[in-house]
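The structure appears right after this line, and notes come after that.
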Amino acid sequence: MTSSSVLPTYNRAPLSFVKGEGVWLEEADGRRFLDLGAGIAVNVLGHANPELTQALTEQAGKLWHTSNLYQMPLQEALADKLTDATFADKVFFTNSGTEACELAVKMLRKYWYEKGQPERVEIITFTGSFHGRSSAAMAAAGSEKMTKGFGPVLGGFTHLEWGDIAALREAVSENTAAVMLEPIQGEGGIHVLPDADLKAIREICDSVGALLVLDEVQCGVGRTGKLFAHEWAGITPDIMMVAKGIGGGFPLGALLATDEAASGMVAGTHGSTYGGNPLGCAVGNKVLDIVAEPEFLAEVNKRAGFMRQKLEGLVAAHPDVFESVRGVGLMMGLRCKAANLDVVNAGYAHEVITVPAADNAIRLLPPLNITEDEISEAIARLDKAATDVEGKG
Ligand SMILES: Cc1ncc(COP(=O)(O)O)c(C=O)c1O
């Protein structure tokens with residue numbers, strides 16, 4: 001392979017996709033891959049979705065960009081839809097999940113500063129988390145793998161063992177600004193926090209007046225069969241990070257907050273040139289119109305049930321390759337016994353795309369409108385891939 005001019009921060013698979021349609025991706029050589037990765041939980045309505053394409057191209061013909069110096073009607077419309085559908089009162093639009101995390105940290109600091117407690121800066125997070133790659137986001141996750149060589153790491157974060165509710169109860173104090181977590185860890189390997197634990201975390205936050213920040217960048221926007229994953233637990237956060245699915249493939253993110261949590265963020269405290277620009281919001285409005293429909297979410301749950309059953313069968317048929325199925329809705333993971341990258345690569349050979357994660361897992365995050373036939377086809381391809389991995393073992 002010739003040397004690339006692109007900064008080599010990714011180990012890229014030798015695949016160049018040139019076209020997409022629904023759950024299918026076409027490689028430059030003409031092979032058609034079944035995409036269970038959806039660009040890591042991004043293409044919630046599949047590739048080249050006609051309704052999203054229409055929303056984007058219609059807007060592209062009218063106006064691409066103005067500035068947040070002016071009124072932004074499409075932003076207002078999308079913010080209204082998001083606040084109507086959630087706990088939130090206010091929305092700030094970003095271009096990515098990382099930027100949403102960055103604002104969450106700033107918002108927390110400003111909140112406690114304005115409350116007359118500027119020293120209240122401790123944010124408690126959990127091992128195995130992923131919140132992005134900015135200085136604040138990598139400090140929040142805190143793993144050595146991410147932060148090594150990039151010190152001094154932003155202070156103010158305390159890291160507890162994932163799911164250790166007793167340790168959290170011990171750790172919180174009058175200095176705890178917030179607890180921040182993903183209801184389902186994505187990059188960490190599809191670790192689902194039980195509903196009872198999320199409820200307990202909400203109560204623990206309330207016991208000391210700390211805020212709860214949920215990172216739904218990967219698990220939000222219909223992925224679990226609810227619009228947002230925390231809805232399963234019947235609790236609400238004070239602040240929530242959203243990205244990936246909300247743009248359906250167009251770079252768009254958002255930070256959602258209650259009026260109270262957002263109260264310190266007045267004019268001049270934050271900004272973004274592109275955040276919430278007309279193209280992103282035209283697509284975001286359409287995504288939300290489709291995904292927030294109860295009938296759409298009911299279908300996600302139905303297909304998720306079908307897929308889970310098929311995956312249980314796959315694991316049972318290949319006990320030397322797979323250990324277990326985990327996840328909620330169409331955010332599924334297979335913990336592997338074989339090396340997860342071997343499974344992903346064997347999948348490529350059979351033209352099915354999965355995404356590796358930590359904890360020797362692979363992730364299955366298909367477009368939410370994948371059909372049962374496509375799920376069956378994907379499982380048949382994974383079955384062949386697993387047989388290949390067994391042959392090598
Ligand atoms: C849970 C979570 N938070 C934040 C991020 C960062 O989002 P982005 O890559 O859009 O900056 C990701 C990305 O994978 C994520 O999964």
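In the structure tokens, chains take letters A, B, ... by order of appearance, with residues numbered from 1 within each chain and ligands from 1 in the order shown.
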Query raised in the report: Which residues form the shell of 10 Å around ligand 1 when you count only C-alpha atoms and all ligand atoms, given as a PyMOL selection string?
Result: chain A and resi 39-42+94-102+129-134+137-138+141+181-188+214-220+241-245+251-253
**Report entry** Residue list (strand (DSSP E or B), DSSP) for range 239-348 of chain A, as a PyMOL selection string
**Finding:** chain A and resi 239-242+248+250+253-257+322-328+331-336
Selected residues written out, C-alpha atoms, as a short mmCIF file (atom, residue, chain, number, x, y, z; two decimals), in the first residue's frame:
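Dumped everything to again.cif:
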data_model
loop_
_atom_site.label_atom_id
_atom_site.label_comp_id
_atom_site.auth_asym_id
_atom_site.auth_seq_id
_atom_site.Cartn_x
_atom_site.Cartn_y
_atom_site.Cartn_z
CA ILE A 239 -27.96 16.99 30.92
CA MET A 240 -27.69 14.63 27.93
CA MET A 241 -25.19 14.33 25.11
CA VAL A 242 -26.56 13.32 21.71
CA GLY A 248 -28.39 10.08 10.17
CA PHE A 250 -24.69 14.25 8.48
CA GLY A 253 -24.72 16.63 17.73
CA ALA A 254 -26.58 18.26 20.56
CA LEU A 255 -26.40 18.92 24.24
CA LEU A 256 -29.78 18.81 25.97
CA ALA A 257 -30.32 20.28 29.42
CA PHE A 322 -18.68 -16.54 20.82
CA GLU A 323 -19.38 -16.37 24.52
CA SER A 324 -22.57 -14.35 24.90
CA VAL A 325 -25.02 -11.86 23.43
CA ARG A 326 -25.63 -8.57 25.18
CA GLY A 327 -27.31 -5.28 24.48
CA VAL A 328 -30.71 -3.65 24.17
CA MET A 331 -27.45 -2.02 20.06
CA MET A 332 -26.12 -5.54 20.29
CA GLY A 333 -22.77 -7.00 21.21
CA LEU A 334 -21.26 -10.43 20.97
CA ARG A 335 -18.56 -11.14 23.51
CA CYS A 336 -16.07 -13.34 21.68
#
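Using only C-alpha atoms, the shortest contact distance between Thr125 in chain A and any of A:Gly142, A:Gly149, A:Gly46, A:Pro356 is found at A:Gly142.
In this model, the gap between CA of Ile123 in chain A and CA of Val172 in chain A comes to 9.5 Å.
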Query raised in the report: So which residues touch range 49-52 of chain A within 7 Å, counting only C-alpha atoms, skipping near sequence neighbours fewer than 5 positions away, as a list in words?
Result: Gly22, Val283 and Lys286 of chain A
What would the file look like if the residues just selected were written as a PDB file, in the first residue's frame with C-alpha atoms?
ATOM      1  CA  GLY A  22     -30.309   0.964   2.881  1.00  0.00           C
ATOM      2  CA  VAL A 283     -31.561  16.403   8.115  1.00  0.00           C
ATOM      3  CA  LYS A 286     -36.355  14.684   9.272  1.00  0.00           C
TER       4      LYS A 286
END
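Distances here use only C-alpha atoms; by that measure, the residue among A:Ser207, A:Ser272, A:Thr83, A:Thr387 closest to Asp259 in chain A is A:Thr83.
Restricting the calculation to only C-alpha atoms, the smallest distance between Asp289 in chain A and any of A:Leu168, A:Val221, A:Leu193, A:Ala349 is found for A:Val221.
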Requested in this report: Could you please write out, as a VMD selection string, every residue of range 171-212 of chain A that DSSP assigns to helix (DSSP H, G or I)?
Outcome: chain A and resid 171 195 to 208
Query raised in the report: Which one is closest to Ala48 in chain A: A:Gln117, A:Ala178, A:Gly249, A:Thr86? Count only C-alpha atoms.
Result: A:Gly249
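Considering only C-alpha atoms, the residue among A:Gln59, A:Ala79, A:Val208, A:Lys90 positioned nearest to Arg120 in chain A is A:Val208.
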Requested in this report: Take CA of Arg32 in chain A and CA of Ala357 in chain A and report the distance between them in Å, one decimal.
Outcome: 23.6 Å
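For the residues A:Val355, A:Ala139, A:Cys281, A:Ile375, ranking by smallest atom-to-atom distance to Leu78 in chain A using only C-alpha atoms places A:Cys281 first.
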**Report entry** Near-Trp112 in chain A list (9 Å; only C-alpha atoms; drop same-chain fewer than 5 positions) as a ChimeraX atom specification
**Finding:** /A:107,117-121,177,264
What does the file look like for those residues with N, CA and C atoms, as a PDB file, in the first residue's frame?
ATOM      1  N   MET A 107     -20.695  23.407  31.105  1.00  0.00           N
ATOM      2  CA  MET A 107     -21.989  23.762  31.706  1.00  0.00           C
ATOM      3  C   MET A 107     -22.005  23.435  33.203  1.00  0.00           C
ATOM      4  N   GLN A 117     -20.586  27.978  44.372  1.00  0.00           N
ATOM      5  CA  GLN A 117     -19.729  26.866  44.800  1.00  0.00           C
ATOM      6  C   GLN A 117     -18.700  26.555  43.710  1.00  0.00           C
ATOM      7  N   PRO A 118     -17.811  27.500  43.418  1.00  0.00           N
ATOM      8  CA  PRO A 118     -16.872  27.287  42.312  1.00  0.00           C
ATOM      9  C   PRO A 118     -15.924  26.112  42.536  1.00  0.00           C
ATOM     10  N   GLU A 119     -15.790  25.699  43.790  1.00  0.00           N
ATOM     11  CA  GLU A 119     -14.884  24.570  44.068  1.00  0.00           C
ATOM     12  C   GLU A 119     -15.562  23.223  43.757  1.00  0.00           C
ATOM     13  N   ARG A 120     -16.844  23.262  43.482  1.00  0.00           N
ATOM     14  CA  ARG A 120     -17.588  22.015  43.267  1.00  0.00           C
ATOM     15  C   ARG A 120     -17.386  21.547  41.822  1.00  0.00           C
ATOM     16  N   VAL A 121     -16.255  20.938  41.546  1.00  0.00           N
ATOM     17  CA  VAL A 121     -15.917  20.605  40.158  1.00  0.00           C
ATOM     18  C   VAL A 121     -15.796  19.100  39.911  1.00  0.00           C
ATOM     19  N   ALA A 177     -19.921  17.577  41.515  1.00  0.00           N
ATOM     20  CA  ALA A 177     -20.702  18.416  40.598  1.00  0.00           C
ATOM     21  C   ALA A 177     -21.710  17.559  39.855  1.00  0.00           C
ATOM     22  N   GLY A 264     -26.478  28.773  33.772  1.00  0.00           N
ATOM     23  CA  GLY A 264     -25.276  29.618  33.720  1.00  0.00           C
ATOM     24  C   GLY A 264     -24.836  29.981  32.316  1.00  0.00           C
TER      25      GLY A 264
END
Report task. Compile the contact shell of Ala338 in chain A as a list in words: residues with an atom at most 10 Å away, counting only C-alpha atoms, same-chain residues fewer than 2 positions apart removed. Result -> Pro319, Asp320, Val321, Phe322, Glu323, Arg335, Cys336, Asn340, Leu341, Asp342, Val343, Asn360, Ala361, Ala386, Val389, Glu390, Lys392 and Gly393 of chain A
Query raised in the report: Near Asn68 in chain A, within 9 Å and counting only C-alpha atoms, which residues show up once chain neighbours fewer than 2 positions away are dropped, as a ChimeraX atom specification?
Result: /A:66,70-72,271-277
Given the selection you just returned, output its residues as a file containing all heavy atoms, formatted as a CSV table (one decimal), in the first residue's frame.
chain,number,residue,atom,x,y,z
A,66,THR,N,-25.4,30.1,7.4
A,66,THR,CA,-25.3,31.6,7.7
A,66,THR,C,-24.4,31.7,8.9
A,66,THR,O,-23.2,31.7,8.8
A,66,THR,CB,-26.8,32.1,8.0
A,66,THR,OG1,-27.4,31.3,9.1
A,66,THR,CG2,-27.6,32.1,6.8
A,70,TYR,N,-27.2,34.9,13.7
A,70,TYR,CA,-28.6,35.2,13.2
A,70,TYR,C,-29.6,34.2,13.7
A,70,TYR,O,-29.2,33.2,14.2
A,70,TYR,CB,-28.6,35.3,11.7
A,70,TYR,CG,-27.4,36.1,11.2
A,70,TYR,CD1,-26.4,35.5,10.5
A,70,TYR,CD2,-27.4,37.5,11.4
A,70,TYR,CE1,-25.3,36.3,10.1
A,70,TYR,CE2,-26.3,38.2,11.0
A,70,TYR,CZ,-25.2,37.6,10.4
A,70,TYR,OH,-24.1,38.3,10.0
A,71,GLN,N,-30.9,34.5,13.5
A,71,GLN,CA,-31.9,33.5,13.9
A,71,GLN,C,-31.8,32.3,13.0
A,71,GLN,O,-31.4,32.4,11.8
A,71,GLN,CB,-33.3,34.2,13.6
A,71,GLN,CG,-33.6,35.4,14.4
A,71,GLN,CD,-33.6,35.2,15.9
A,71,GLN,OE1,-34.1,34.3,16.4
A,71,GLN,NE2,-32.9,36.1,16.6
A,72,MET,N,-32.1,31.1,13.6
A,72,MET,CA,-31.9,29.9,12.9
A,72,MET,C,-33.2,29.1,13.0
A,72,MET,O,-33.3,28.2,13.9
A,72,MET,CB,-30.7,29.1,13.5
A,72,MET,CG,-29.4,29.8,13.4
A,72,MET,SD,-28.7,29.7,11.8
A,72,MET,CE,-27.5,28.4,12.0
A,271,GLY,N,-20.1,28.8,22.0
A,271,GLY,CA,-20.4,29.0,20.6
A,271,GLY,C,-19.9,28.0,19.7
A,271,GLY,O,-19.1,27.1,20.1
A,272,SER,N,-20.3,28.1,18.4
A,272,SER,CA,-19.8,27.1,17.4
A,272,SER,C,-20.1,27.8,16.0
A,272,SER,O,-21.2,28.3,15.8
A,272,SER,CB,-20.5,25.8,17.5
A,272,SER,OG,-20.3,25.0,16.4
A,273,THR,N,-19.1,27.8,15.1
A,273,THR,CA,-19.4,28.3,13.8
A,273,THR,C,-20.5,27.5,13.1
A,273,THR,O,-21.4,28.0,12.6
A,273,THR,CB,-18.1,28.3,13.0
A,273,THR,OG1,-17.2,29.2,13.6
A,273,THR,CG2,-18.4,28.7,11.5
A,274,TYR,N,-20.2,26.2,13.1
A,274,TYR,CA,-21.1,25.3,12.3
A,274,TYR,C,-22.3,24.7,13.1
A,274,TYR,O,-23.2,24.2,12.5
A,274,TYR,CB,-20.3,24.2,11.7
A,274,TYR,CG,-19.4,24.6,10.6
A,274,TYR,CD1,-18.0,24.3,10.7
A,274,TYR,CD2,-19.8,25.2,9.5
A,274,TYR,CE1,-17.1,24.7,9.7
A,274,TYR,CE2,-18.9,25.6,8.5
A,274,TYR,CZ,-17.6,25.4,8.6
A,274,TYR,OH,-16.7,25.7,7.7
A,275,GLY,N,-22.2,24.6,14.4
A,275,GLY,CA,-23.1,23.9,15.2
A,275,GLY,C,-24.6,24.3,14.8
A,275,GLY,O,-24.9,25.5,14.9
A,276,GLY,N,-25.4,23.3,14.5
A,276,GLY,CA,-26.8,23.6,14.1
A,276,GLY,C,-27.0,24.3,12.8
A,276,GLY,O,-28.0,25.0,12.7
A,277,ASN,N,-26.1,24.1,11.9
A,277,ASN,CA,-26.2,24.9,10.6
A,277,ASN,C,-27.4,24.3,9.8
A,277,ASN,O,-27.9,23.2,10.1
A,277,ASN,CB,-24.9,24.9,9.9
A,277,ASN,CG,-24.8,23.9,8.8
A,277,ASN,OD1,-25.4,22.8,8.8
A,277,ASN,ND2,-24.0,24.2,7.8
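The two atoms in question, CA of Lys226 in chain A and CA of Leu297 in chain A, are spaced 6.3 Å apart.
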